[in-house]
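Structure file input-v6.cif (mmCIF, C-alpha atoms) is printed below.
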```cif
data_structure
#
loop_
_atom_site.label_atom_id
_atom_site.label_comp_id
_atom_site.auth_asym_id
_atom_site.auth_seq_id
_atom_site.Cartn_x
_atom_site.Cartn_y
_atom_site.Cartn_z
CA MET A 13 25.39 116.62 180.31
CA PRO A 14 23.21 114.70 177.84
CA GLU A 15 22.95 110.92 178.04
CA ARG A 16 24.93 110.47 174.79
CA VAL A 17 28.49 111.86 174.72
CA LEU A 18 31.40 111.83 172.26
CA LEU A 19 34.87 111.53 173.78
CA PRO A 20 37.70 113.10 171.76
CA GLY A 21 41.10 113.55 173.37
CA ASP A 22 41.91 117.10 172.23
CA PRO A 23 40.02 119.96 173.96
CA MET A 24 40.11 122.05 170.78
CA ARG A 25 38.63 119.12 168.86
CA ALA A 26 35.79 118.96 171.37
CA ARG A 27 34.97 122.59 170.68
CA LEU A 28 35.27 122.07 166.92
CA ILE A 29 32.92 119.08 167.03
CA ALA A 30 30.32 121.05 168.98
CA GLU A 31 30.54 124.11 166.74
CA LYS A 32 30.57 122.21 163.43
CA TYR A 33 28.31 119.22 164.02
CA PHE A 34 25.87 120.17 166.80
CA ASP A 35 22.74 122.27 166.47
CA SER A 36 22.57 125.05 169.09
CA PRO A 37 25.87 124.15 170.79
CA THR A 38 26.55 125.55 174.25
CA GLU A 39 29.59 125.31 176.48
CA VAL A 40 29.11 123.32 179.67
CA ALA A 41 32.50 123.58 181.37
CA LYS A 42 36.23 124.11 180.82
CA LYS A 43 38.75 122.80 183.35
CA ARG A 44 42.30 121.69 182.51
CA GLU A 45 42.08 119.24 179.58
CA PHE A 46 38.36 118.63 180.12
CA TRP A 47 36.23 120.84 177.82
CA SER A 48 32.57 119.92 177.47
CA TYR A 49 29.72 121.10 175.25
CA ARG A 50 26.13 120.11 174.61
CA GLY A 51 23.72 120.50 171.70
CA LYS A 52 21.56 118.42 169.39
CA TYR A 53 22.21 116.15 166.42
CA LYS A 54 19.22 115.38 164.21
CA GLY A 55 17.02 116.45 167.10
CA VAL A 56 18.65 114.19 169.68
CA PRO A 57 20.46 115.77 172.69
CA VAL A 58 24.19 115.00 172.53
CA GLY A 59 27.35 116.13 174.25
CA VAL A 60 31.09 116.10 173.72
CA CYS A 61 33.82 116.15 176.34
CA SER A 62 37.57 115.98 175.80
CA THR A 63 39.53 113.40 177.77
CA GLY A 64 43.09 114.63 177.38
CA ILE A 65 45.82 112.12 176.55
CA GLY A 66 45.93 108.60 177.94
CA CYS A 67 43.97 106.25 180.15
CA PRO A 68 44.31 108.13 183.48
CA SER A 69 42.53 111.29 182.33
CA ALA A 70 40.10 109.32 180.13
CA ALA A 71 39.08 107.31 183.18
CA ILE A 72 38.42 110.50 185.16
CA THR A 73 36.30 111.87 182.32
CA LEU A 74 34.18 108.75 182.03
CA GLU A 75 33.66 108.32 185.76
CA GLU A 76 32.50 111.92 186.20
CA LEU A 77 30.23 111.90 183.16
CA ILE A 78 28.58 108.74 184.46
CA ARG A 79 27.99 110.48 187.79
CA VAL A 80 26.06 113.29 186.07
CA GLY A 81 23.84 110.87 184.16
CA SER A 82 25.52 110.14 180.82
CA LYS A 83 25.02 106.57 179.59
CA VAL A 84 26.31 106.14 176.02
CA PHE A 85 29.85 107.05 175.00
CA VAL A 86 31.79 106.88 171.75
CA ARG A 87 35.48 107.70 171.76
CA VAL A 88 36.37 109.58 168.57
CA GLY A 89 40.13 109.69 168.25
CA THR A 90 43.17 108.91 166.19
CA ALA A 91 45.20 105.72 166.01
CA GLY A 92 48.32 104.28 164.48
CA ALA A 93 47.88 101.30 162.18
CA ILE A 94 49.29 97.88 163.02
CA ASP A 95 47.44 95.92 160.34
CA THR A 96 49.26 96.49 157.04
CA GLN A 97 46.00 96.86 155.11
CA LEU A 98 45.19 100.11 156.91
CA ARG A 99 46.07 103.51 155.48
CA ALA A 100 45.79 107.07 156.76
CA GLY A 101 42.16 108.19 156.63
CA ASP A 102 40.67 104.73 157.25
CA LEU A 103 38.42 104.25 160.26
CA VAL A 104 38.89 101.49 162.83
CA VAL A 105 36.07 100.24 165.05
CA LEU A 106 37.65 98.62 168.10
CA THR A 107 35.78 95.62 169.49
CA GLY A 108 38.22 95.26 172.37
CA ALA A 109 41.61 96.49 173.56
CA VAL A 110 44.90 94.98 174.65
CA ARG A 111 45.34 96.35 178.18
CA ASP A 112 48.90 97.65 177.83
CA ASP A 113 48.12 100.53 180.19
CA GLY A 114 48.42 101.07 183.92
CA THR A 115 45.03 102.57 184.76
CA SER A 116 42.78 99.63 183.95
CA LYS A 117 44.97 97.32 186.04
CA GLN A 118 44.07 99.35 189.13
CA TYR A 119 40.38 98.60 188.52
CA VAL A 120 40.52 94.87 187.79
CA PRO A 121 43.14 92.12 187.31
CA VAL A 122 44.89 91.98 183.95
CA GLU A 123 42.99 88.79 183.04
CA TYR A 124 39.73 90.79 182.87
CA PRO A 125 38.92 91.67 179.24
CA ALA A 126 38.49 95.18 177.88
CA VAL A 127 35.50 94.74 175.58
CA ALA A 128 33.32 97.32 173.82
CA ASP A 129 29.53 97.41 174.01
CA HIS A 130 28.32 95.11 171.23
CA THR A 131 25.23 97.19 170.45
CA LEU A 132 27.36 100.30 169.86
CA ILE A 133 29.87 98.33 167.80
CA SER A 134 27.07 97.09 165.53
CA ALA A 135 25.71 100.62 165.24
CA LEU A 136 29.15 101.97 164.29
CA MET A 137 29.50 99.32 161.59
CA ARG A 138 26.09 100.16 160.15
CA ALA A 139 26.85 103.88 160.21
CA ALA A 140 30.20 103.43 158.48
CA GLU A 141 28.65 101.25 155.78
CA ALA A 142 25.78 103.68 155.26
CA ARG A 143 28.26 106.52 154.81
CA GLY A 144 30.39 104.44 152.46
CA VAL A 145 33.64 104.93 154.34
CA ARG A 146 36.55 102.51 154.40
CA TYR A 147 36.80 100.91 157.83
CA MET A 148 38.13 97.87 159.65
CA MET A 149 36.74 96.23 162.77
CA GLY A 150 38.96 94.43 165.26
CA ILE A 151 41.00 94.47 168.45
CA GLY A 152 42.93 97.61 169.38
CA HIS A 153 45.94 98.20 171.60
CA SER A 154 46.02 100.79 174.39
CA LYS A 155 49.39 102.00 175.64
CA ASP A 156 50.71 104.60 178.07
CA ALA A 157 53.92 105.55 176.23
CA PHE A 158 53.21 107.27 172.91
CA TYR A 159 56.85 107.09 171.87
CA SER A 160 56.94 103.32 172.25
CA GLU A 161 55.85 103.45 168.61
CA TYR A 162 59.46 104.48 167.95
CA PRO A 163 61.50 101.47 169.14
CA ASP A 164 64.82 103.30 168.75
CA MET A 165 63.71 105.68 171.52
CA MET A 166 63.20 102.82 173.99
CA ALA A 167 65.81 101.26 176.28
CA SER A 168 65.54 97.97 174.37
CA PRO A 169 64.69 98.62 170.72
CA GLU A 170 64.87 94.94 169.83
CA ALA A 171 62.39 93.97 172.55
CA MET A 172 59.98 96.72 171.49
CA GLU A 173 60.16 95.70 167.84
CA MET A 174 59.36 92.13 168.86
CA ARG A 175 56.39 93.39 170.88
CA TRP A 176 54.90 95.21 167.89
CA LYS A 177 55.44 92.16 165.69
CA ALA A 178 53.70 89.95 168.27
CA LEU A 179 50.68 92.27 168.36
CA LYS A 180 50.51 92.21 164.57
CA ARG A 181 50.70 88.41 164.45
CA ALA A 182 47.92 88.23 167.05
CA GLY A 183 45.60 90.20 164.78
CA VAL A 184 45.63 93.52 166.64
CA ILE A 185 44.74 96.18 164.07
CA ALA A 186 45.66 99.56 165.58
CA THR A 187 47.19 101.29 168.59
CA GLU A 188 45.88 104.22 170.63
CA MET A 189 45.91 105.37 174.26
CA GLU A 190 42.47 105.35 175.90
CA SER A 191 40.13 102.50 175.01
CA ALA A 192 41.35 99.89 177.51
CA ALA A 193 40.36 101.99 180.52
CA LEU A 194 37.15 103.23 178.91
CA TYR A 195 36.03 99.69 178.10
CA VAL A 196 36.84 98.31 181.54
CA ILE A 197 35.04 101.15 183.33
CA GLY A 198 32.10 100.89 180.93
CA GLN A 199 31.69 97.22 181.84
CA LEU A 200 32.03 97.88 185.57
CA ARG A 201 29.55 100.78 185.58
CA GLY A 202 27.02 99.24 183.20
CA VAL A 203 27.17 101.92 180.49
CA ARG A 204 27.67 101.63 176.73
CA VAL A 205 31.18 102.47 175.46
CA ALA A 206 32.81 101.98 172.06
CA THR A 207 35.66 103.48 170.07
CA VAL A 208 36.00 104.58 166.47
CA CYS A 209 39.31 106.12 165.43
CA GLU A 210 40.77 107.54 162.26
CA ILE A 211 44.13 106.16 161.21
CA VAL A 212 46.75 108.91 161.02
CA GLY A 213 49.87 106.74 160.77
CA GLU A 214 50.90 103.92 158.47
CA PRO A 215 51.46 100.44 159.92
CA VAL A 216 53.89 100.12 162.81
CA GLU A 217 57.04 98.28 161.74
CA ASN A 218 60.36 99.65 162.89
CA GLU A 219 59.07 103.19 163.14
CA ALA A 220 55.66 104.82 163.04
CA LYS A 221 55.19 108.00 161.01
CA ILE A 222 52.30 110.42 161.30
CA LEU A 223 51.11 111.01 157.76
CA ASP A 224 48.08 113.23 158.07
CA ARG A 225 45.78 115.17 160.37
CA PRO A 226 42.32 113.69 160.93
CA ARG A 227 39.69 114.99 158.53
CA LEU A 228 36.93 114.48 161.13
CA ASP A 229 33.83 114.48 158.88
CA ASP A 230 33.53 110.72 158.39
CA LEU A 231 34.72 109.99 161.92
CA VAL A 232 32.28 112.33 163.66
CA HIS A 233 29.26 111.58 161.47
CA VAL A 234 29.73 107.82 161.89
CA ALA A 235 30.03 108.23 165.66
CA LEU A 236 27.03 110.55 165.96
CA ASP A 237 24.82 108.43 163.70
CA ALA A 238 25.68 105.32 165.73
CA MET A 239 25.40 106.96 169.13
CA THR A 240 21.99 108.50 168.45
CA SER A 241 20.60 105.26 166.99
CA VAL A 242 20.97 103.08 170.09
CA GLU A 243 18.35 102.91 172.79
CA LEU A 244 19.19 104.09 176.28
#
```

Please rewrite the model in this file as C-alpha cells.
Amino acid sequence: MPERVLLPGDPMRARLIAEKYFDSPTEVAKKREFWSYRGKYKGVPVGVCSTGIGCPSAAITLEELIRVGSKVFVRVGTAGAIDTQLRAGDLVVLTGAVRDDGTSKQYVPVEYPAVADHTLISALMRAAEARGVRYMMGIGHSKDAFYSEYPDMMASPEAMEMRWKALKRAGVIATEMESAALYVIGQLRGVRVATVCEIVGEPVENEAKILDRPRLDDLVHVALDAMTSVEL
C-alpha cells in the first residue's frame, strides 16, 4: 500500500473513492470488511482501505497498514452532531477523541489522551478553508454502541441523556465510532493520523436523526489535499 491512506468505514465507499477520485485506481485486496485500493491523486501515490464499523476493526486496519509501510492516515467518515451549531453536510475536523470505546483501553490506560497529529489537523483546516467548505474543529467522541444515540433504547434513558448533555457542556462537537483507537495507535506507532467527518445527523438531544447521506466531494477532496500536502 502507498504511504498515504484514506480510511473510510464502508467497503463500498472505499471502492467509490478509488474509482471517482484516484487516477489509475487498482484493487489491492478484499477480505471481509477490509477493501483496499491504490492510485494517484495529483501525481502523489495514495491508497484507501475500509475499516468496517467501530474501533476493533479500525484498530486492525491501522495496525496492518502500518506493518506494510503506510505512514499517513486520514479517516473520512460520518458523524452525528453534538454541537448545536452543526448541520448535516458540515465537516468536523477532530483534534482529539473522548475514549468511550473498549479497544483503546486495551492498549493504554484511560488517562492516556487520544490526540490527532497536529500537522495533519493543520493541513485539514487549510484544505477546508481553501475549498470554502463549512467546517468546525474540536474534540470528538468515539463510542462502541451506535444506538446509544437513542437514549430510549438504552436500559437507563435518563442516564444516557445526562451523558450526552455532559459531553455537550464539555465542548465535544460530534460523535463517531473509530477515532479514539486510531489516535491512540497512531501515537503509539509514531504515524500521522487525523479524522475529518461529514455530519449526517442533527445535534444529539433526546434522539438523534439521520438527515442525509454523505455527499463525499468536499469530504474526500479536503482529506486528499491535506494528506498529500504533509511531508512523510

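When only C-alpha atoms are used to measure the gap to Gly144 of chain A, the shortest distance among A:Trp176, A:Asp102, A:Ala157, A:Lys54 belongs to A:Asp102.
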
Determine, using only C-alpha atoms, which residues of segment 89-189 of chain A have any atom at most 10 Å from an atom of segment 61-65 of chain A, and tabulate each with its shortest atom pair and distance in Å to one decimal place, rows ordered by chain and then rising number, as CSV.
```
residue,atom,partner,partner_atom,distance
A:Asp156,CA,A:Ile65,CA,9.1
A:Phe158,CA,A:Ile65,CA,9.6
A:Glu188,CA,A:Ile65,CA,9.9
A:Met189,CA,A:Ile65,CA,7.1
```

If you apply the PyMOL selection byres ((chain A and resi 211) around 6) to this file, what residues do you get, as a PyMOL selection string?
-> chain A and resi 90-92+100-102+210+212-213

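Using only C-alpha atoms, the smallest distance between any of A:Leu132, A:Val56, A:Val205, A:Val184 and Arg111 of chain A comes from A:Val184.
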
Pick from A:Ala135, A:Ala182, A:Lys52, A:Glu170: nearest to Ile151 of chain A, with all atoms listed in the file counted?
-> A:Ala182

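Nearest to Arg201 of chain A of all the residues A:Arg50, A:Lys32, A:Lys83, A:His153 is A:Lys83, counting all atoms listed in the file.
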
Expansion of the PyMOL selection byres ((chain A and resi 20-27) around 7) into residues, as a PDB file with C-alpha atoms, in the frame of the given file:
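In the end it all went to selection_28.pdb:
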```pdb
ATOM      1  CA  LEU A  18      31.400 111.830 172.260  1.00  0.00           C
ATOM      2  CA  LEU A  19      34.870 111.530 173.780  1.00  0.00           C
ATOM      3  CA  LEU A  28      35.270 122.070 166.920  1.00  0.00           C
ATOM      4  CA  ILE A  29      32.920 119.080 167.030  1.00  0.00           C
ATOM      5  CA  ALA A  30      30.320 121.050 168.980  1.00  0.00           C
ATOM      6  CA  GLU A  31      30.540 124.110 166.740  1.00  0.00           C
ATOM      7  CA  GLU A  45      42.080 119.240 179.580  1.00  0.00           C
ATOM      8  CA  PHE A  46      38.360 118.630 180.120  1.00  0.00           C
ATOM      9  CA  TRP A  47      36.230 120.840 177.820  1.00  0.00           C
ATOM     10  CA  SER A  48      32.570 119.920 177.470  1.00  0.00           C
ATOM     11  CA  VAL A  60      31.090 116.100 173.720  1.00  0.00           C
ATOM     12  CA  CYS A  61      33.820 116.150 176.340  1.00  0.00           C
ATOM     13  CA  SER A  62      37.570 115.980 175.800  1.00  0.00           C
ATOM     14  CA  THR A  63      39.530 113.400 177.770  1.00  0.00           C
ATOM     15  CA  GLY A  64      43.090 114.630 177.380  1.00  0.00           C
ATOM     16  CA  ILE A  65      45.820 112.120 176.550  1.00  0.00           C
ATOM     17  CA  ARG A  87      35.480 107.700 171.760  1.00  0.00           C
ATOM     18  CA  VAL A  88      36.370 109.580 168.570  1.00  0.00           C
ATOM     19  CA  GLY A  89      40.130 109.690 168.250  1.00  0.00           C
TER      20      GLY A  89
END
```

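Excluding His130 of chain A itself and any same-chain residue fewer than 2 positions from it, the protein and nucleic acid residues within 9 Å of it, counting all atoms listed in the file, are Thr107, Val127, Ala128, Leu132, Ile133, Ser134, Ala135, Arg204, Val205 and Ala206 of chain A.
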
Is it possible to get the axis-aligned box enclosing segment 69-83 of chain A (all listed atoms, 3 Å extra per side) as JSON, with centre and edge lengths in Å rounded to one decimal?
```
{"center_x": 33.2, "center_y": 109.9, "center_z": 183.7, "size_x": 24.7, "size_y": 12.7, "size_z": 14.2}
```

Which residues, protein or nucleic acid, reach to within 12 Å of (47.7, 97.5, 180.2) in the file's coordinates when using all atoms listed in the file, and can you give that as a PyMOL selection string?
-> chain A and resi 66-68+109-126+152-157+188-193+196

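What separates atom CA of Lys43 of chain A from atom CA of Ala70 of chain A is a distance of 13.9 Å.
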
Smallest atom-to-atom distance to Thr207 of chain A: which of A:Ala93, A:Leu228, A:Val105, A:Val17, using all atoms listed in the file?
-> A:Val105

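Proximity of A:Met174, A:Met148, A:Leu77, A:Ala41 to Thr96 of chain A, computed with all atoms listed in the file, is greatest for A:Met148.
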
A straight line from atom CA of Gly55 of chain A to atom CA of Thr38 of chain A spans 15.0 Å

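Take atom CA of Leu106 of chain A and atom CA of Arg138 of chain A: the distance between them is 14.1 Å.
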
Some atoms are missing, so please complete segment 87-102 of chain A with N, CA and C atoms and return it as a PDB file, keeping the file's coordinate frame.
```
ATOM      1  N   ARG A  87      34.195 107.017 171.906  1.00  0.00           N
ATOM      2  CA  ARG A  87      35.480 107.700 171.760  1.00  0.00           C
ATOM      3  C   ARG A  87      35.726 107.947 170.284  1.00  0.00           C
ATOM      4  N   VAL A  88      36.026 109.194 169.944  1.00  0.00           N
ATOM      5  CA  VAL A  88      36.370 109.580 168.570  1.00  0.00           C
ATOM      6  C   VAL A  88      37.803 110.112 168.612  1.00  0.00           C
ATOM      7  N   GLY A  89      38.733 109.300 168.124  1.00  0.00           N
ATOM      8  CA  GLY A  89      40.130 109.690 168.250  1.00  0.00           C
ATOM      9  C   GLY A  89      40.940 109.322 167.029  1.00  0.00           C
ATOM     10  N   THR A  90      42.249 109.299 167.242  1.00  0.00           N
ATOM     11  CA  THR A  90      43.170 108.910 166.190  1.00  0.00           C
ATOM     12  C   THR A  90      43.950 107.682 166.648  1.00  0.00           C
ATOM     13  N   ALA A  91      44.467 106.940 165.696  1.00  0.00           N
ATOM     14  CA  ALA A  91      45.200 105.720 166.010  1.00  0.00           C
ATOM     15  C   ALA A  91      46.291 105.498 164.983  1.00  0.00           C
ATOM     16  N   GLY A  92      47.282 104.718 165.394  1.00  0.00           N
ATOM     17  CA  GLY A  92      48.320 104.280 164.480  1.00  0.00           C
ATOM     18  C   GLY A  92      48.003 102.875 164.007  1.00  0.00           C
ATOM     19  N   ALA A  93      48.200 102.611 162.732  1.00  0.00           N
ATOM     20  CA  ALA A  93      47.880 101.300 162.180  1.00  0.00           C
ATOM     21  C   ALA A  93      48.912 100.261 162.575  1.00  0.00           C
ATOM     22  N   ILE A  94      48.431  99.059 162.866  1.00  0.00           N
ATOM     23  CA  ILE A  94      49.290  97.880 163.020  1.00  0.00           C
ATOM     24  C   ILE A  94      49.043  96.937 161.844  1.00  0.00           C
ATOM     25  N   ASP A  95      47.777  96.734 161.495  1.00  0.00           N
ATOM     26  CA  ASP A  95      47.440  95.920 160.340  1.00  0.00           C
ATOM     27  C   ASP A  95      47.939  96.615 159.063  1.00  0.00           C
ATOM     28  N   THR A  96      48.635  95.889 158.228  1.00  0.00           N
ATOM     29  CA  THR A  96      49.260  96.490 157.040  1.00  0.00           C
ATOM     30  C   THR A  96      48.262  96.872 155.959  1.00  0.00           C
ATOM     31  N   GLN A  97      47.006  96.458 156.094  1.00  0.00           N
ATOM     32  CA  GLN A  97      46.000  96.860 155.110  1.00  0.00           C
ATOM     33  C   GLN A  97      45.487  98.277 155.359  1.00  0.00           C
ATOM     34  N   LEU A  98      45.713  98.796 156.549  1.00  0.00           N
ATOM     35  CA  LEU A  98      45.190 100.110 156.910  1.00  0.00           C
ATOM     36  C   LEU A  98      46.056 101.225 156.344  1.00  0.00           C
ATOM     37  N   ARG A  99      45.389 102.319 155.970  1.00  0.00           N
ATOM     38  CA  ARG A  99      46.070 103.510 155.480  1.00  0.00           C
ATOM     39  C   ARG A  99      45.493 104.743 156.164  1.00  0.00           C
ATOM     40  N   ALA A 100      46.249 105.820 156.158  1.00  0.00           N
ATOM     41  CA  ALA A 100      45.790 107.070 156.760  1.00  0.00           C
ATOM     42  C   ALA A 100      44.448 107.473 156.169  1.00  0.00           C
ATOM     43  N   GLY A 101      43.504 107.820 157.040  1.00  0.00           N
ATOM     44  CA  GLY A 101      42.160 108.190 156.630  1.00  0.00           C
ATOM     45  C   GLY A 101      41.143 107.089 156.834  1.00  0.00           C
ATOM     46  N   ASP A 102      41.602 105.826 156.940  1.00  0.00           N
ATOM     47  CA  ASP A 102      40.670 104.730 157.250  1.00  0.00           C
ATOM     48  C   ASP A 102      40.142 104.877 158.669  1.00  0.00           C
TER      49      ASP A 102
END
```
